[in-house]
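Peer 1: This structure is in structure tokens; I'll ask about it shortly.
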Amino acid sequence: MSSTFGKIFSVTTWGESHGAGVGSVLDGCPAGLAISENDIQIELDRRRPGQNKLTTPRDEKDQVKILSGVFEGKTTGTPISFAVFNEDQRSHDYSEIQKWYRPGHADLCYDEKYGFRDYRGGGRSSARETIGRVAAGAVAKKLLRQVAGTEILAWVNSIGKVDCGPLNLNDLTLEQIEASPVRCPDPEASAKMEAEVLEARRNADSVGGTVCLLVKNPPKSLGEPVFDRMDALLAQAMLSIPASKGFEIGSGFAAARMHGSEHNDEIFFDGNVYRTRTNNAGGSLGGISNGEPIYCKIAFKPTATIAQRQNTAGRGGENGTLAARGRHDPCVAVRAPVIVESMAALVLADLLLQQKRNFLNSADQAFAD
């Protein structure tokens with residue numbers, strides 16, 4: 001079921017929303033990287049449900065256990081296995097969808113493809129699967145930060161019709177983002193977004209949003225021409241996140257309204273390295289990172305599960321209606337930033353190891369320093 005992502009630094013996720021647990025196995029991480037369960041837990045706490053009144057009330061602590069691949073606080077170079085055990089399942093909330101297909105969900109597609117599906121919370125199609133990605137992404141972030149000084153940030157840029165105002169990306173910090181209940185670093189827009197989410201919840205509805213990604217100080221020369229372009233791999237990674245429906249890098253779709261004289265980024269040499277004065281390319285030219293910040297935007301649809309009664313069809317071919325039960329986020333974009341960061345980190349860490357075939361020797365020195 002295509003549960004593995006990456007070539008050298010690769011992650012395989014496992015588990016279902018209402019099974020015993022979820023997690024992942026990360027392979028290809030160099031030995032000697034200092035990592036702890038607390039490093040992983042910090043990231044999982046940003047993703048977990050029940051954080052505030054804007055997210056699903058499902059009460060999962062999402063406590064991670066590292067089962068292998070780490071000894072005396074450092075990676076051993078062998079597969080690292082992460083496990084998070086589910087504690088607050090209410091599978092009876094999904095008993096009705098044994099028969100009925102939920103509009104906006106993968107229920108019908110799973111049944112038609114496999115002839116069988118786990119109807120409890122969507123099984124593998126549930127966003128709970130992303131726990132394994134975030135756990136592996138925490139390792140990728142630390143690897144990139146230690147070896148290349150790379151910092152990865154993501155924030156909510158819009159919810160419904162409310163947009164974040166202009167930001168100073170050079171000074172943007174994780175603390176600014178996390179200070180907002182909707183993870184928007186613009187306080188005025190954040191308050192309006194919060195009201196938008198609560199209004200959708202009051203109406204037994206949901207609302208969509210966009211998330212921006214910024215990679216500061218990315219390694220240069222990552223990505224390959226043609227099919228393994230860095231931006232193509234980022235697009236695949238982002239569009240693999242549940243509920244994502246759109247991706248753009250740099251000026252994105254706005255580039256279609258520009259002239260080349262306006263869009264081309266002027267190149268200059270600052271006495272040390274080549275730079276560009278603008279960043280319409282978003283840090284990637286010809287599918288290869290040019291050292292400028294990587295800037296992307298990802299669109300997330302409204303949460304498919306809503307409490308309003310909707311017309312649908314059943315497994316036996318009958319037509320009827322369904323009002324979904326269960327506990328769900330009124331806006332999935334609010335919890336998406338850490339998942340976006342994690343997928344970006346997994347892409348860049350994998351490309352870094354592909355680019356640096358002799359990376360193990362240099363990494364040993366970097367970790368020792």
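In the structure tokens, chains take letters A, B, ... by order of appearance, with residues numbered from 1 within each chain and ligands from 1 in the order shown.
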Using only C-alpha atoms, which residues sit within 12 Å of Gly317 in chain A once same-chain residues fewer than 2 positions away are excluded, as a PyMOL selection string?
Peer 2: chain A and resi 99-101+108+312-315+319-320
Peer 1: Would you give me, as a PyMOL selection string, the residues in range 85-315 of chain A that DSSP reads as strand (DSSP E or B)?
Peer 2: chain A and resi 85+100+151-159+162-163+209-216+244-249+267-269+274-276+284-285+288-289+294-300+310-314
Peer 1: So the first atom is CA of Val338 in chain A and the second is CA of Ala140 in chain A; what is the distance between them in Å, to one decimal place?
Peer 2: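 Distance between the two atoms: 12.7 Å.
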Peer 1: Can you pull out the residues contacting Ser342 in chain A? Cut-off 8 Å, using only C-alpha atoms, and skip same-chain residues under 3 positions away; I want them as a list in words.
Peer 2: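 With the cut-off at 8 Å, the set is Arg133, Val134, Ala136, Gly137, Ala138, Ala140, Lys141, Val338, Ile339, Ala345 and Leu346 of chain A.
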Peer 1: Any chance you can output those residues with N, CA and C atoms as a CSV table (one decimal), in the first residue's frame?
Peer 2:
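Contents of out.csv, freshly written:
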chain,number,residue,atom,x,y,z
A,133,ARG,N,5.0,9.7,10.6
A,133,ARG,CA,5.8,10.6,9.8
A,133,ARG,C,6.4,11.7,10.7
A,134,VAL,N,5.7,12.2,11.7
A,134,VAL,CA,6.2,13.2,12.5
A,134,VAL,C,7.3,12.7,13.4
A,136,ALA,N,9.5,10.3,12.6
A,136,ALA,CA,10.7,10.2,11.7
A,136,ALA,C,11.2,11.6,11.3
A,137,GLY,N,10.2,12.5,11.1
A,137,GLY,CA,10.6,13.8,10.7
A,137,GLY,C,11.4,14.6,11.8
A,138,ALA,N,11.1,14.2,13.1
A,138,ALA,CA,11.9,14.8,14.2
A,138,ALA,C,13.4,14.5,14.0
A,140,ALA,N,14.8,13.6,11.2
A,140,ALA,CA,15.3,14.3,10.0
A,140,ALA,C,15.6,15.8,10.3
A,141,LYS,N,14.8,16.4,11.0
A,141,LYS,CA,15.0,17.8,11.4
A,141,LYS,C,16.3,18.0,12.1
A,338,VAL,N,3.1,20.9,11.7
A,338,VAL,CA,4.2,20.0,12.1
A,338,VAL,C,4.3,18.9,11.1
A,339,ILE,N,3.2,18.5,10.5
A,339,ILE,CA,3.2,17.4,9.5
A,339,ILE,C,3.9,17.9,8.3
A,345,ALA,N,11.3,17.8,5.9
A,345,ALA,CA,12.5,17.3,6.5
A,345,ALA,C,12.9,15.9,5.9
A,346,LEU,N,11.9,15.1,5.8
A,346,LEU,CA,12.2,13.7,5.2
A,346,LEU,C,12.7,13.8,3.8
Peer 1: With only C-alpha atoms as the basis for distance, which of A:Asn217, A:Ile249, A:Trp14, A:Gly19 is at the shortest distance from Val147 in chain A?
Peer 2: A:Asn217
Peer 1: To one decimal place, how far is CA of Leu144 in chain A from CA of Ala349 in chain A in Å?
Peer 2: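 So the two atoms, CA of Leu144 in chain A and CA of Ala349 in chain A, lie 6.4 Å apart.
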Peer 1: Using only C-alpha atoms, which residue out of A:Val162, A:Val25, A:Asp231, A:Ile288 lies closest to Val182 in chain A?
Peer 2: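 Counting only C-alpha atoms, the residue closest to Val182 in chain A is A:Val162.
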Peer 1: Find the distance between CA of Glu266 in chain A and CA of Arg229 in chain A and write it in Å to one decimal.
Peer 2: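 Atom-to-atom, CA of Glu266 in chain A to CA of Arg229 in chain A, that is 21.9 Å.
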Peer 1: Taking 2 positions as the minimum chain separation for residues in the same chain, which residues sit within 12 Å of Thr4 in chain A when counting only C-alpha atoms? Answer as a VMD selection string.
Peer 2: chain A and resid 1 to 2 6 to 14 24 to 27 132 to 133 136 237 240 346
Peer 1: Determine, counting only C-alpha atoms, which protein, DNA and RNA residues have an atom within 8 Å of an atom of Ile80 in chain A; residues of the same chain fewer than 2 positions away are not included. Present the result as a PyMOL selection string.
Peer 2: chain A and resi 25-27+66-70+75+78+82
